[in-house]
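Data first, discussion second: the structure below is written as structure tokens.
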Amino acid sequence: MPAPDILLQVMEAMPVMVGLFDTHRRHVYANPAYRAFMGSEMADLSGRTIAEVLGDDHFRLTQAMADRALRGEVVQTEGWMPHPNGGQHYVIRLHAPQRRPDGSVAGYFALLYDITERRKTQDDLFRLAYYDPVSGLANRLLLLKHMGDYQAVGEPFTLVIVDIDRFVEIRTSLGQAFANELLIDLANRLGRDGGPVDLLARVSDHAFALLVAGECDPPAVERKIERVAAVVRAARSSSGAAVFLSASIGVATWSEAHERAEDVLRDAEIATGRVREQGGARHAWFDPAMHARVVEQVRLEHDLRRAMERGDELWVAYQPIIDMVTGGLAGFEALMRWSHPERGSIPPGVFIPIAESTGLIVRLGEWVLREACRQVADWQEKRVPGSAPLFMSVNLSTRQLREPDFADRVRTVVRETAVEPSWIKLELTESAVMEKAEQSIRLLETLRGLGIKLSIDDFGTGYSSLSYLHKLPIDSLKVDRSFVSAMHQSEENRAIVRIIVDLARLLGFDVIAEGIETTADANLLRALACDYGQGYHFAKPLPAREAEPLVEGNLPWRQEL
Ligand code: C2E
Ligand code: CA
Ligand code: CA
């Protein structure tokens with residue numbers, strides 16, 4: 001078979017569209033794939049120009065490529081091409097000269113490969129990679145890409161993060177579908193009423209970001225934040241249900257100090273986190289001290305993990321709790337201590353919140369419980385003959401209560417340490433209990449079923465609901481230190497303590513006062529018929545070795561009574 005025949009067969013069989021044109025861009029030849037795309041017979045195409053078949057727009061679009069091919073160049077491009085029946089197809093194009101035997105150009109070929117399907121898949125992938133499927137907004141990755149682009153060309157920018165407060169609670173209580181409706185409504189409103197921005201993105205589960213390019217104009221940014229806060233307050237679900245939304249808003253501006261664009265996002269999120277910690281519904285501009293604080297927390301978290309592995313830095317202190325009537329030793333409160341090898345003693349007020357936010361408190365709390373159980377079992381044997389059994393108070397954090405197997409863990413510790421459950425008193429705060437009241441009450445009932453005693457710590461400082469208080473299966477209320485220390489200032493403050501004591505009486509709970517620092521405090525509390533007391537006036541929290549003499553009956557405060 002002569003070569004041209006073979007070539008013709010190839011041309012007829014291949015799915016690539018091939019068209020041959022003369023110097024006036026008139027069709028000379030078209031293979032079946034080309035003809036099928038155009039929906040025309042060869043006879044309809046022959047002698048007609050591109051403009052006549054596909055319209056002037058397309059003629060102009062490919063003009064440059066055709067001209068270059070006619071000048072002898074081979075040009076490869078890709079782009080959208082109209083289909084004669086409407087719609088656009090994405091094609092890879094090759095324009096190449098067609099030469100006579102003497103080398104002169106007689107016209108050009110156009111090879112068109114339709115990759116619309118592949119292109120659509122690519123677009124889908126792009127959308128998946130760079131857009132949030134729920135809100136349809138740009139995602140974190142695309143935001144970072146834009147910020148990187150600005151930084152690359154030296155364009156300053158400001159980033160505002162809008163983090164919806166209490167969103168996780170809303171989703172837990174009202175459901176995922178409702179939460180999504182809210183997000184979609186917020187996305188739409190921010191786009192419509194939030195004022196112009198260069199990019200609006202969803203950067204996390206419940207946070208949006210507004211990217212504003214150009215030199216930062218703080219008053220203008222403040223005005224924008226006002227608008228955004230108003231938009232958040234106005235959000236609705238699509239079914240029209242309103243919830244009271246607020247946002248924690250953090251702002252950071254790109255500066256020379258930022259090596260990487262993503263550091264601006266980090267700063268804005270640090271500022272947002274700070275607002276959230278302080279209760280939300282506000283905004284804050286990032287400042288470097290915030291960063292230092294986060295770095296410090298990350299370091300402490302790292303050191304705390306290390307301390308938990310090594311086991312010689314963490315220990316438990318025991319503060320005696322005194323029977324206010326007899327002045328005898330009633331029990332102890334176990335308090336966690338951390339002796340950092342380089343930084344000395346780190347207060348629980350510093351490391352406990354870190355342990356809580358990282359979840360480390362679950363393991364730490366269980367460790368304290370185990371230590372305390374072992375200790376009280378040991379002391380029970382050493383106490384003065386004939387005295388009442390000592391109890392051991394152990395603090396619980398909300399995180400521990402939310403562990404689904406918490407009651408089982410407690411049961412295991414009690415069994416393993418051979419402690420009498422009634423010697424153990426667990427202290428919980430009002431907020432920990434009220435947060436999920438019904439669920440908490442069930443857990444408390446289970447614990448109490450084991451024979452363990454329960455106490456509400458820091459009573460009066462949290463939001464407690466009196467309607468729940470009488471339903472709580474508890475044994476004691478612990479009057480917060482702030483009321484005790486304020487007792488001497490006014491009759492009003494004394495009245496608060498009196499009311500708490502009376503309330504406890506009424507509900508059948510006993511009362512422990514903490515933070516007793518002076519003889520006067522102790523006398524006043526005794527007059528108010530408070531059952532137990534704890535404070536520096538009696539003793540500070542002590543290492544087990546130093547607390548042991550108290551167990552054996554050496555009570556230094558006894559002389560003062
Ligand atoms: P808290 O449960 O209210 O513990 C009482 C705090 O008051 C202790 O502080 C104690 O040292 C302090 N204190 C006792 N008597 C006096 C006094 O007369 N005057 C004054 N000004 N303070 C007194 P500490 O040991 O620094 O613990 C602080 C908080 O850390 C505790 O408050 C508790 O919420 C938390 N915490 C301590 N250990 C643990 C633990 O093992 N687990 C959990 N979840 N939290 C713990
Ligand atoms: Ca406590
Ligand atoms: Ca307390």
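Going by the structure tokens order, chains are called A, B, ..., each with residues numbered from 1, while ligands are numbered from 1 in the order shown.
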Requested in this report: May I have the residues within 6 Å of stretch 83-96 of chain A as a list in words, using only C-alpha atoms and disregarding those fewer than 3 positions away in the same chain?
Outcome: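 Here the answer would be Ala69, Val74, Val75, Gln76, Thr77, Glu78, Gly79, Trp80, Tyr108, Phe109, Ala110, Leu111, Leu112, Tyr113, Asp114, Ile115 and Thr116 of chain A.
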Requested in this report: Write out as a PyMOL selection string all residues of stretch 217-376 of chain A that backbone DSSP assigns to alpha helix (DSSP H).
Outcome: chain A and resi 218-233+262-277+288-310+348-358+361-376
Query raised in the report: Given a cut-off of 9 Å, what residues near ligand 3 show up using only C-alpha atoms and all ligand atoms, put as a list in words?
Result: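 The neighbouring residues of ligand 3 are, in order, Asn395, Glu427, Thr429, Ile456, Asp457, Asp458, Phe459, Lys478, Val479, Asp480, Arg481, Ala513, Glu514 and Gly515 of chain A.
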Query raised in the report: Can you tell me, as a PyMOL selection string, what residues are no more than 6 Å from A:Leu454 when counting only C-alpha atoms, ignoring any on the same chain fewer than 5 positions away?
Result: chain A and resi 425-426+474-475
**Report entry** Selection near stretch 142-155 of chain A, 6 Å with only C-alpha atoms, sequence-local residues under 2 positions removed, as an NGL selection string
**Finding:** :A and (130 or 138-140 or 261)
Report task. May I ask which of the residues A:Glu342, A:Asp263, A:Asp123, A:Glu333 is the closest one to ligand 2, counting only C-alpha atoms and all ligand atoms? Result ->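 Of all the options, A:Glu333 lies closest to ligand 2.
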Query raised in the report: Which residues, written as JSON, numbers by chain, have at least one atom at most 12 Å from A:Leu265, with only C-alpha atoms counted and residues fewer than 2 positions away on the same chain left out?
Result: {"A": [140, 141, 143, 144, 145, 146, 147, 148, 157, 158, 159, 160, 161, 162, 201, 203, 204, 207, 208, 209, 210, 211, 250, 251, 252, 253, 254, 258, 260, 261, 262, 263, 267, 268, 269, 270, 271, 272, 286]}
Produce a file of the selected residues containing C-alpha atoms, as an mmCIF file, in the first residue's frame.
```cif
data_model
loop_
_atom_site.group_PDB
_atom_site.id
_atom_site.type_symbol
_atom_site.label_atom_id
_atom_site.label_comp_id
_atom_site.auth_asym_id
_atom_site.auth_seq_id
_atom_site.Cartn_x
_atom_site.Cartn_y
_atom_site.Cartn_z
ATOM 1 C CA ARG A 140 -7.584 27.620 53.822
ATOM 2 C CA LEU A 141 -5.242 26.377 51.096
ATOM 3 C CA LEU A 143 -6.262 31.678 51.115
ATOM 4 C CA LEU A 144 -2.639 30.729 51.798
ATOM 5 C CA LYS A 145 -1.979 30.667 48.043
ATOM 6 C CA HIS A 146 -3.399 34.189 47.655
ATOM 7 C CA MET A 147 -1.434 35.457 50.639
ATOM 8 C CA GLY A 148 1.702 33.885 49.195
ATOM 9 C CA PHE A 157 -2.366 42.747 53.231
ATOM 10 C CA THR A 158 -4.535 42.452 56.325
ATOM 11 C CA LEU A 159 -6.253 39.310 57.466
ATOM 12 C CA VAL A 160 -9.382 39.240 59.623
ATOM 13 C CA ILE A 161 -10.451 35.925 61.159
ATOM 14 C CA VAL A 162 -14.081 35.603 62.201
ATOM 15 C CA ALA A 201 -12.540 32.035 52.824
ATOM 16 C CA VAL A 203 -10.458 28.539 57.211
ATOM 17 C CA SER A 204 -11.666 26.030 59.778
ATOM 18 C CA ALA A 207 -14.013 30.322 61.206
ATOM 19 C CA PHE A 208 -14.044 32.574 58.167
ATOM 20 C CA ALA A 209 -11.249 34.789 56.903
ATOM 21 C CA LEU A 210 -11.401 38.130 55.104
ATOM 22 C CA LEU A 211 -8.325 39.023 53.124
ATOM 23 C CA GLY A 250 -8.723 38.472 65.300
ATOM 24 C CA VAL A 251 -6.751 40.763 62.987
ATOM 25 C CA ALA A 252 -3.181 40.556 61.756
ATOM 26 C CA THR A 253 -1.335 42.635 59.194
ATOM 27 C CA TRP A 254 1.522 41.496 57.026
ATOM 28 C CA HIS A 258 6.786 37.854 58.591
ATOM 29 C CA ARG A 260 6.202 33.348 55.442
ATOM 30 C CA ALA A 261 2.716 34.388 54.413
ATOM 31 C CA GLU A 262 1.184 31.655 56.569
ATOM 32 C CA ASP A 263 2.635 33.346 59.670
ATOM 33 C CA ASP A 267 -0.968 35.562 64.102
ATOM 34 C CA ALA A 268 -4.572 36.324 63.231
ATOM 35 C CA GLU A 269 -5.589 32.976 64.719
ATOM 36 C CA ILE A 270 -3.593 33.653 67.875
ATOM 37 C CA ALA A 271 -5.454 36.952 68.284
ATOM 38 C CA THR A 272 -8.745 35.123 67.681
ATOM 39 C CA PHE A 286 -2.506 40.642 67.059
#
```
Query - Who sits within 12 Å of A:Val325, only C-alpha atoms, same chain under 6 positions skipped, as a VMD selection string - result: chain A and resid 522 to 523 525 to 533 558 561
Convert the current residue selection to file output with N, CA, C and O atoms, as an mmCIF file, in the first residue's frame.
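Listing of again-v3.cif after writing:
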```cif
data_model
loop_
_atom_site.group_PDB
_atom_site.id
_atom_site.type_symbol
_atom_site.label_atom_id
_atom_site.label_comp_id
_atom_site.auth_asym_id
_atom_site.auth_seq_id
_atom_site.Cartn_x
_atom_site.Cartn_y
_atom_site.Cartn_z
ATOM 1 N N ALA A 522 -11.685 31.994 110.994
ATOM 2 C CA ALA A 522 -12.084 30.703 111.554
ATOM 3 C C ALA A 522 -13.229 30.890 112.556
ATOM 4 O O ALA A 522 -14.212 30.154 112.522
ATOM 5 N N ASN A 523 -13.109 31.916 113.408
ATOM 6 C CA ASN A 523 -14.154 32.140 114.421
ATOM 7 C C ASN A 523 -15.490 32.489 113.791
ATOM 8 O O ASN A 523 -16.533 31.993 114.188
ATOM 9 N N LEU A 525 -16.563 31.707 110.821
ATOM 10 C CA LEU A 525 -17.139 30.543 110.143
ATOM 11 C C LEU A 525 -17.726 29.565 111.152
ATOM 12 O O LEU A 525 -18.762 28.956 110.916
ATOM 13 N N ARG A 526 -17.056 29.471 112.275
ATOM 14 C CA ARG A 526 -17.585 28.585 113.324
ATOM 15 C C ARG A 526 -18.922 29.119 113.809
ATOM 16 O O ARG A 526 -19.880 28.366 113.988
ATOM 17 N N ALA A 527 -19.002 30.442 113.959
ATOM 18 C CA ALA A 527 -20.261 31.063 114.395
ATOM 19 C C ALA A 527 -21.371 30.832 113.365
ATOM 20 O O ALA A 527 -22.543 30.761 113.712
ATOM 21 N N LEU A 528 -20.984 30.746 112.109
ATOM 22 C CA LEU A 528 -21.980 30.513 111.055
ATOM 23 C C LEU A 528 -22.323 29.031 110.925
ATOM 24 O O LEU A 528 -23.054 28.622 110.037
ATOM 25 N N ALA A 529 -21.715 28.198 111.800
ATOM 26 C CA ALA A 529 -21.969 26.758 111.797
ATOM 27 C C ALA A 529 -21.487 26.057 110.536
ATOM 28 O O ALA A 529 -22.130 25.139 110.031
ATOM 29 N N CYS A 530 -20.354 26.517 110.071
ATOM 30 C CA CYS A 530 -19.742 25.849 108.929
ATOM 31 C C CYS A 530 -19.089 24.553 109.438
ATOM 32 O O CYS A 530 -18.471 24.542 110.500
ATOM 33 N N ASP A 531 -19.236 23.458 108.701
ATOM 34 C CA ASP A 531 -18.776 22.151 109.210
ATOM 35 C C ASP A 531 -17.265 21.975 109.159
ATOM 36 O O ASP A 531 -16.658 21.520 110.108
ATOM 37 N N TYR A 532 -16.704 22.284 107.983
ATOM 38 C CA TYR A 532 -15.280 22.034 107.800
ATOM 39 C C TYR A 532 -14.562 23.275 107.300
ATOM 40 O O TYR A 532 -15.164 24.141 106.666
ATOM 41 N N GLY A 533 -13.271 23.345 107.568
ATOM 42 C CA GLY A 533 -12.484 24.488 107.108
ATOM 43 C C GLY A 533 -11.117 24.064 106.613
ATOM 44 O O GLY A 533 -10.574 23.034 107.015
ATOM 45 N N ARG A 558 -4.250 23.293 117.034
ATOM 46 C CA ARG A 558 -5.073 22.961 118.211
ATOM 47 C C ARG A 558 -4.846 23.947 119.360
ATOM 48 O O ARG A 558 -5.791 24.387 120.016
ATOM 49 N N LEU A 561 -6.950 27.075 119.363
ATOM 50 C CA LEU A 561 -8.402 27.017 119.471
ATOM 51 C C LEU A 561 -8.897 27.415 120.863
ATOM 52 O O LEU A 561 -8.249 27.137 121.851
#
```
